Amino acid sequence: MDFVISIMEQGLIYGILALGVYITYKILDFPDLTVDGSFPLGGAVTAFLLTRGANPYLSLFAAFLAGALAGVCTGLIHVKCRVRDLLSGIIMMTALWTINLYIAGTANVPLFSQETIFKNGILEKVFPEGLQPYSTLLIIIILMLISKFLLDAYLQTKSGYLLRAVGDNATLVISLAKDQGNVKIVGLALANGLVSLAGSIFCQEERVFEISMGTGAIVIGLASVIIGTSIFRKFTMLKATSAVITGSVIYKACVAIALQNFEPQAMKLITAVLFLVILIVGMERRKKVKTDAGA
Amino acid sequence: MKKRMTAIFLTAAMTVVMMTGCGSKEGTTESGGDKGTGDSYTVGIQQFAEHGSLDNCREGFIKGLEEEGIVKGENLTLEIKNAMADTATNAQIADGFASDKVDMICAIATPSAQSAYNAAMDKEIPVIYTAVTDPVAAELADKDGNPVGEITGTSDKLPVEEQLKMIRALLPEAKKLGIMYTTSEANSVSAIEEYQLLAGDYGFELIEKGITQTADVALAADDLLEQVDCMTNLTDNTVVASLPTILEKANEKGIPVFGSEIEQVKIGCLAAEGIDYIALGKQTGKMAAQVLKGEKKASDIPYEIITEPGFYVNNKVAENLKIEIPADLTEQAIESFDEISE
């Protein structure tokens, strides 16, 4: 049971990151590499605030805002300076490495002695004794649901529709006399805000900030988005946001299975193979849809 | 229909997850790693990265346990996991050990120790760490060196003062001492601070060069070697991994490079007052044995450091650089090499 819980915890935290990647990669069609910098940015902001005695819940908002700001910067570099999308992300990611180090102070900030969103005086009173082992998972689920439903709600607003239109049909946006540059900036801000929020939660769950925690974050995010959307392609009942979060849990389960059963050196290869298998399974299903439609 | 498909899929996914979870538990029962049996143990070794010194720690740790009668295959089941320097994997390894309820986690390097402690603290699994440079800064020990919980181990803090003394003895004329380090490695940053504090006492002017990634090493080495009379290394992972690049450039200019441990001297550093990581691992293994046997609780053992660093020298490098090693130092050397291994 513990094994499943730890996969769920990790998967759902990275699920919030995957929601961010979903916005840029799937909705905006923007390969945003800022993620590798904005994920640890959330951690750095959290480490900075917690070591100075700030309220851990406040740090979640601060992390979101910091991430959003990073997203706005990527957007401005891309839209106003007319730098290619991929490059703007790389520029911000590189800049954030140093910024994160400045914010956190050092490369490794332990938070064992600080109150976090998972361990504090109020929580110990609120949660009944029996639920304590599950408190971390429950808090993560609550945060994940809040992020998901807010994002779902946002996508239903006028601004949300425009966001989806920019990726799907840019001409529509122009014909509505809206500036697609601004829409992109909003999308990037929202996406990186979510990624940074995930970074803050991860950092508090692990009780340590480590500068290298962002390395490969974009890969995990993309994998989750692709696994989620291709497996659940047929299930129109399921919202894309839910599919993406489930994708993240599946990805983490793959990693955990690889870790449990194979030599550590082989882990990345095994994860890649599992990833590929899932993708192929997803694709076959799509083919079947087409033949069904043909018949 | 759609709902049923979702249900089928989710069930399948859950089953896979559950099966693997159970699989590993069966593994531990087979080998008799249950806590209840008393004299048989399961230990999870969590290593942060693949790295000569860290590998030596692991080997030493296993030897240390062996010397205390806890032998792999007999009364010890080992699960060795390597995070390959990936923070997310590192967290999952720690969670995995905690959910397998191993009898002890041995964590090698600071990030491993922190995540092992985080995962194990609620499960009452003791954690023994090694190769943690500064357990106090990592919040694994309080200011007096006492553990913060069921966690203790050994530190690989560099013997900075001894190193400076040794460099001064070998190079009486040298003025400018260069060090290259990675700005994002907490251990290196704290070692640099200590060098800054002590370099003056031995008449050195310290010139440090911070880098951020392996790709910077070559350029930084060119720049640094222009300015210094000699160089010394920390246990910086990035720099040590690129040591051959630095050594080649330094040899062209005839500038001596000092190491921080035996492996670096083997591959061409002139000399080192360094830590023997195998010995460090052994020391850790012995601490672990005490905890496993129930003689002491991890929380009662303060963390330990190796008090006497060993002197290592490479005679071939000395000959190439035409540097005379004083006889009293040669006699002290724990190990000296007559060739440069590639």
# chains A, B, ... in the order shown; residues from 1 in each chain; ligands from 1
call {"tool": "interface_residues", "arguments": {"of": "chain B", "to": "chain A", "cutoff": "6 Å", "atoms": "only C-alpha atoms", "output": "count of residues only"}}
result
9
call {"tool": "residues_around", "arguments": {"residues": "range 54-67 of chain A", "least_positions_apart": "2", "cutoff": "6 Å", "atoms": "only C-alpha atoms", "output": "JSON list (two decimals) with C-alpha atoms, in the first residue's frame"}}
result
[["chain", "number", "residue", "atom", "x", "y", "z"],
["A", 38, "SER", "CA", 10.53, 27.48, -13.28],
["A", 42, "GLY", "CA", 9.07, 27.45, -7.09],
["A", 45, "VAL", "CA", 11.07, 30.84, -3.54],
["A", 46, "THR", "CA", 9.65, 28.36, -1.04],
["A", 49, "LEU", "CA", 10.30, 32.10, 2.44],
["A", 50, "LEU", "CA", 10.21, 29.08, 4.76],
["A", 52, "ARG", "CA", 12.58, 33.18, 7.00],
["A", 69, "LEU", "CA", 6.52, 36.15, -13.85],
["A", 70, "ALA", "CA", 9.09, 33.83, -15.41],
["A", 116, "THR", "CA", 5.67, 23.02, 5.66],
["A", 117, "ILE", "CA", 2.24, 22.61, 4.12],
["A", 192, "ASN", "CA", 4.86, 28.39, -15.58],
["A", 193, "GLY", "CA", 2.86, 29.47, -12.55],
["A", 196, "SER", "CA", 6.44, 26.60, -10.17],
["A", 197, "LEU", "CA", 3.59, 25.68, -7.81]]
call {"tool": "residues_around", "arguments": {"residues": "range 73-87 of chain A", "least_positions_apart": "2", "cutoff": "10 Å", "atoms": "only C-alpha atoms", "output": "list in words"}}
result
Asp29, Phe30, Pro31, Asp32, Leu33, Thr34, Gly67, Ala68, Leu69, Ala70, Gly71, Gly89, Ile90, Ile91, Met92, Met93, Gln180, Gly181, Asn182, Val183, Lys184, Ile185, Val186, Gly187, Leu188, Ala189 and Asn192 of chain A
call {"tool": "write_last_selection", "arguments": {"atoms": "C-alpha atoms", "output": "compact mmCIF listing (two decimals), in the first residue's frame"}}
result
# COMPACT_ATOMS: atom_id res chain seq x y z
CA ASP A 29 1.65 24.56 -29.42
CA PHE A 30 4.66 26.24 -27.82
CA PRO A 31 7.63 24.03 -26.84
CA ASP A 32 8.42 25.79 -23.58
CA LEU A 33 11.72 24.85 -21.99
CA THR A 34 11.33 27.46 -19.24
CA GLY A 67 6.60 31.18 -11.95
CA ALA A 68 4.01 33.32 -13.73
CA LEU A 69 6.52 36.15 -13.85
CA ALA A 70 9.09 33.83 -15.41
CA GLY A 71 6.46 32.81 -17.96
CA GLY A 89 12.50 29.08 -23.32
CA ILE A 90 16.18 28.14 -23.34
CA ILE A 91 17.17 31.73 -22.55
CA MET A 92 14.82 31.91 -19.56
CA MET A 93 15.78 28.44 -18.35
CA GLN A 180 -2.33 36.78 -30.17
CA GLY A 181 0.96 37.83 -28.61
CA ASN A 182 -0.79 38.88 -25.41
CA VAL A 183 -2.75 35.65 -25.32
CA LYS A 184 0.49 33.68 -25.59
CA ILE A 185 2.02 35.66 -22.74
CA VAL A 186 -1.01 34.92 -20.54
CA GLY A 187 -0.77 31.23 -21.42
CA LEU A 188 2.94 31.07 -20.63
CA ALA A 189 2.39 32.87 -17.34
CA ASN A 192 4.86 28.39 -15.58
call {"tool": "select_by_dssp", "arguments": {"residues": "range 11-239 of chain A", "states": "strand (DSSP E)", "output": "list in words"}}
result
Asn108, Val109, Pro110, Val208, Phe209 and Glu210 of chain A
call {"tool": "residues_around", "arguments": {"residues": "Tyr161 in chain A", "least_positions_apart": "6", "cutoff": "12 Å", "atoms": "only C-alpha atoms", "output": "PyMOL selection string"}}
result
chain A and resi 27-28+152-155+167-170+172-173+176+178+183+187
call {"tool": "write_last_selection", "arguments": {"atoms": "N, CA and C atoms", "output": "PDB file, in the first residue's frame"}}
result
ATOM      1  N   ILE A  27      -2.020  23.150 -25.845  1.00  0.00           N
ATOM      2  CA  ILE A  27      -2.965  24.208 -26.180  1.00  0.00           C
ATOM      3  C   ILE A  27      -2.299  25.280 -27.041  1.00  0.00           C
ATOM      4  N   LEU A  28      -1.158  25.775 -26.588  1.00  0.00           N
ATOM      5  CA  LEU A  28      -0.517  26.872 -27.314  1.00  0.00           C
ATOM      6  C   LEU A  28       0.385  26.393 -28.440  1.00  0.00           C
ATOM      7  N   ASP A 152      -9.628  24.200 -15.443  1.00  0.00           N
ATOM      8  CA  ASP A 152     -10.811  23.861 -16.238  1.00  0.00           C
ATOM      9  C   ASP A 152     -11.742  25.068 -16.348  1.00  0.00           C
ATOM     10  N   ALA A 153     -11.966  25.717 -15.199  1.00  0.00           N
ATOM     11  CA  ALA A 153     -12.871  26.867 -15.189  1.00  0.00           C
ATOM     12  C   ALA A 153     -12.311  27.984 -16.056  1.00  0.00           C
ATOM     13  N   TYR A 154     -10.994  28.186 -15.933  1.00  0.00           N
ATOM     14  CA  TYR A 154     -10.391  29.256 -16.728  1.00  0.00           C
ATOM     15  C   TYR A 154     -10.545  28.998 -18.223  1.00  0.00           C
ATOM     16  N   LEU A 155     -10.356  27.734 -18.617  1.00  0.00           N
ATOM     17  CA  LEU A 155     -10.426  27.414 -20.037  1.00  0.00           C
ATOM     18  C   LEU A 155     -11.834  27.640 -20.596  1.00  0.00           C
ATOM     19  N   GLY A 167      -3.566  28.320 -30.356  1.00  0.00           N
ATOM     20  CA  GLY A 167      -2.887  27.109 -30.789  1.00  0.00           C
ATOM     21  C   GLY A 167      -3.580  26.444 -31.967  1.00  0.00           C
ATOM     22  N   ASP A 168      -4.917  26.448 -31.966  1.00  0.00           N
ATOM     23  CA  ASP A 168      -5.678  25.724 -32.987  1.00  0.00           C
ATOM     24  C   ASP A 168      -5.824  26.509 -34.278  1.00  0.00           C
ATOM     25  N   ASN A 169      -6.181  27.779 -34.113  1.00  0.00           N
ATOM     26  CA  ASN A 169      -6.608  28.540 -35.281  1.00  0.00           C
ATOM     27  C   ASN A 169      -6.283  30.017 -35.047  1.00  0.00           C
ATOM     28  N   ALA A 170      -5.028  30.338 -35.354  1.00  0.00           N
ATOM     29  CA  ALA A 170      -4.541  31.683 -35.059  1.00  0.00           C
ATOM     30  C   ALA A 170      -5.328  32.751 -35.818  1.00  0.00           C
ATOM     31  N   LEU A 172      -8.415  32.942 -36.418  1.00  0.00           N
ATOM     32  CA  LEU A 172      -9.637  33.288 -35.699  1.00  0.00           C
ATOM     33  C   LEU A 172      -9.365  34.406 -34.709  1.00  0.00           C
ATOM     34  N   VAL A 173      -8.240  34.256 -33.986  1.00  0.00           N
ATOM     35  CA  VAL A 173      -7.897  35.247 -32.975  1.00  0.00           C
ATOM     36  C   VAL A 173      -7.695  36.609 -33.624  1.00  0.00           C
ATOM     37  N   LEU A 176     -10.846  38.179 -34.627  1.00  0.00           N
ATOM     38  CA  LEU A 176     -11.605  38.735 -33.500  1.00  0.00           C
ATOM     39  C   LEU A 176     -10.974  40.034 -33.015  1.00  0.00           C
ATOM     40  N   LYS A 178      -8.062  40.396 -31.730  1.00  0.00           N
ATOM     41  CA  LYS A 178      -7.322  40.233 -30.483  1.00  0.00           C
ATOM     42  C   LYS A 178      -5.844  40.050 -30.824  1.00  0.00           C
ATOM     43  N   VAL A 183      -2.154  36.910 -25.740  1.00  0.00           N
ATOM     44  CA  VAL A 183      -2.752  35.649 -25.320  1.00  0.00           C
ATOM     45  C   VAL A 183      -1.663  34.632 -24.992  1.00  0.00           C
ATOM     46  N   GLY A 187      -0.877  32.683 -21.475  1.00  0.00           N
ATOM     47  CA  GLY A 187      -0.771  31.229 -21.422  1.00  0.00           C
ATOM     48  C   GLY A 187       0.533  30.784 -20.778  1.00  0.00           C
TER      49      GLY A 187
END
call {"tool": "decode", "arguments": {"residues": "range 222-247 of chain A", "atoms": "N, CA and C atoms", "output": "mmCIF file, in the first residue's frame"}}
result
data_model
loop_
_atom_site.group_PDB
_atom_site.id
_atom_site.type_symbol
_atom_site.label_atom_id
_atom_site.label_comp_id
_atom_site.auth_asym_id
_atom_site.auth_seq_id
_atom_site.Cartn_x
_atom_site.Cartn_y
_atom_site.Cartn_z
ATOM 1 N N LEU A 222 6.404 16.498 -20.402
ATOM 2 C CA LEU A 222 5.991 16.112 -21.757
ATOM 3 C C LEU A 222 5.538 14.657 -21.789
ATOM 4 N N ALA A 223 6.300 13.797 -21.121
ATOM 5 C CA ALA A 223 5.938 12.380 -21.100
ATOM 6 C C ALA A 223 4.546 12.200 -20.514
ATOM 7 N N SER A 224 4.281 12.903 -19.405
ATOM 8 C CA SER A 224 2.971 12.775 -18.765
ATOM 9 C C SER A 224 1.862 13.243 -19.698
ATOM 10 N N VAL A 225 2.082 14.395 -20.343
ATOM 11 C CA VAL A 225 1.062 14.938 -21.242
ATOM 12 C C VAL A 225 0.800 13.958 -22.388
ATOM 13 N N ILE A 226 1.874 13.441 -22.975
ATOM 14 C CA ILE A 226 1.701 12.566 -24.134
ATOM 15 C C ILE A 226 1.080 11.228 -23.714
ATOM 16 N N ILE A 227 1.575 10.657 -22.613
ATOM 17 C CA ILE A 227 0.981 9.397 -22.134
ATOM 18 C C ILE A 227 -0.513 9.609 -21.861
ATOM 19 N N GLY A 228 -0.806 10.665 -21.104
ATOM 20 C CA GLY A 228 -2.195 10.926 -20.728
ATOM 21 C C GLY A 228 -3.085 11.130 -21.927
ATOM 22 N N THR A 229 -2.671 12.033 -22.816
ATOM 23 C CA THR A 229 -3.569 12.353 -23.930
ATOM 24 C C THR A 229 -3.666 11.213 -24.934
ATOM 25 N N SER A 230 -2.584 10.418 -25.116
ATOM 26 C CA SER A 230 -2.726 9.363 -26.122
ATOM 27 C C SER A 230 -3.484 8.157 -25.576
ATOM 28 N N ILE A 231 -3.317 7.846 -24.296
ATOM 29 C CA ILE A 231 -4.078 6.716 -23.753
ATOM 30 C C ILE A 231 -5.576 7.041 -23.704
ATOM 31 N N PHE A 232 -5.870 8.269 -23.299
ATOM 32 C CA PHE A 232 -7.288 8.604 -23.109
ATOM 33 C C PHE A 232 -7.874 9.355 -24.300
ATOM 34 N N ARG A 233 -7.213 9.213 -25.455
ATOM 35 C CA ARG A 233 -7.667 9.908 -26.645
ATOM 36 C C ARG A 233 -9.149 9.628 -26.935
ATOM 37 N N LYS A 234 -9.526 8.367 -26.736
ATOM 38 C CA LYS A 234 -10.869 7.955 -27.112
ATOM 39 C C LYS A 234 -11.924 8.381 -26.092
ATOM 40 N N PHE A 235 -11.441 8.607 -24.866
ATOM 41 C CA PHE A 235 -12.415 8.889 -23.811
ATOM 42 C C PHE A 235 -12.733 10.364 -23.738
ATOM 43 N N THR A 236 -13.683 10.783 -24.543
ATOM 44 C CA THR A 236 -14.003 12.203 -24.580
ATOM 45 C C THR A 236 -14.677 12.650 -23.284
ATOM 46 N N MET A 237 -15.194 11.658 -22.535
ATOM 47 C CA MET A 237 -15.791 11.960 -21.240
ATOM 48 C C MET A 237 -14.760 12.597 -20.309
ATOM 49 N N LEU A 238 -13.543 12.065 -20.422
ATOM 50 C CA LEU A 238 -12.495 12.485 -19.518
ATOM 51 C C LEU A 238 -11.908 13.800 -20.014
ATOM 52 N N LYS A 239 -11.870 14.800 -19.151
ATOM 53 C CA LYS A 239 -11.262 16.072 -19.527
ATOM 54 C C LYS A 239 -9.777 15.871 -19.765
ATOM 55 N N ALA A 240 -9.236 16.652 -20.700
ATOM 56 C CA ALA A 240 -7.805 16.539 -21.000
ATOM 57 C C ALA A 240 -6.966 16.755 -19.746
ATOM 58 N N THR A 241 -7.404 17.681 -18.881
ATOM 59 C CA THR A 241 -6.630 17.953 -17.668
ATOM 60 C C THR A 241 -6.536 16.708 -16.782
ATOM 61 N N SER A 242 -7.650 15.977 -16.673
ATOM 62 C CA SER A 242 -7.616 14.747 -15.862
ATOM 63 C C SER A 242 -6.711 13.720 -16.517
ATOM 64 N N ALA A 243 -6.784 13.636 -17.864
ATOM 65 C CA ALA A 243 -5.968 12.669 -18.593
ATOM 66 C C ALA A 243 -4.490 12.940 -18.337
ATOM 67 N N VAL A 244 -4.128 14.217 -18.348
ATOM 68 C CA VAL A 244 -2.732 14.597 -18.180
ATOM 69 C C VAL A 244 -2.232 14.218 -16.782
ATOM 70 N N ILE A 245 -3.065 14.473 -15.781
ATOM 71 C CA ILE A 245 -2.661 14.136 -14.411
ATOM 72 C C ILE A 245 -2.518 12.622 -14.266
ATOM 73 N N THR A 246 -3.464 11.883 -14.846
ATOM 74 C CA THR A 246 -3.360 10.424 -14.807
ATOM 75 C C THR A 246 -2.087 9.982 -15.525
ATOM 76 N N GLY A 247 -1.784 10.656 -16.632
ATOM 77 C CA GLY A 247 -0.563 10.351 -17.376
ATOM 78 C C GLY A 247 0.661 10.471 -16.482
#
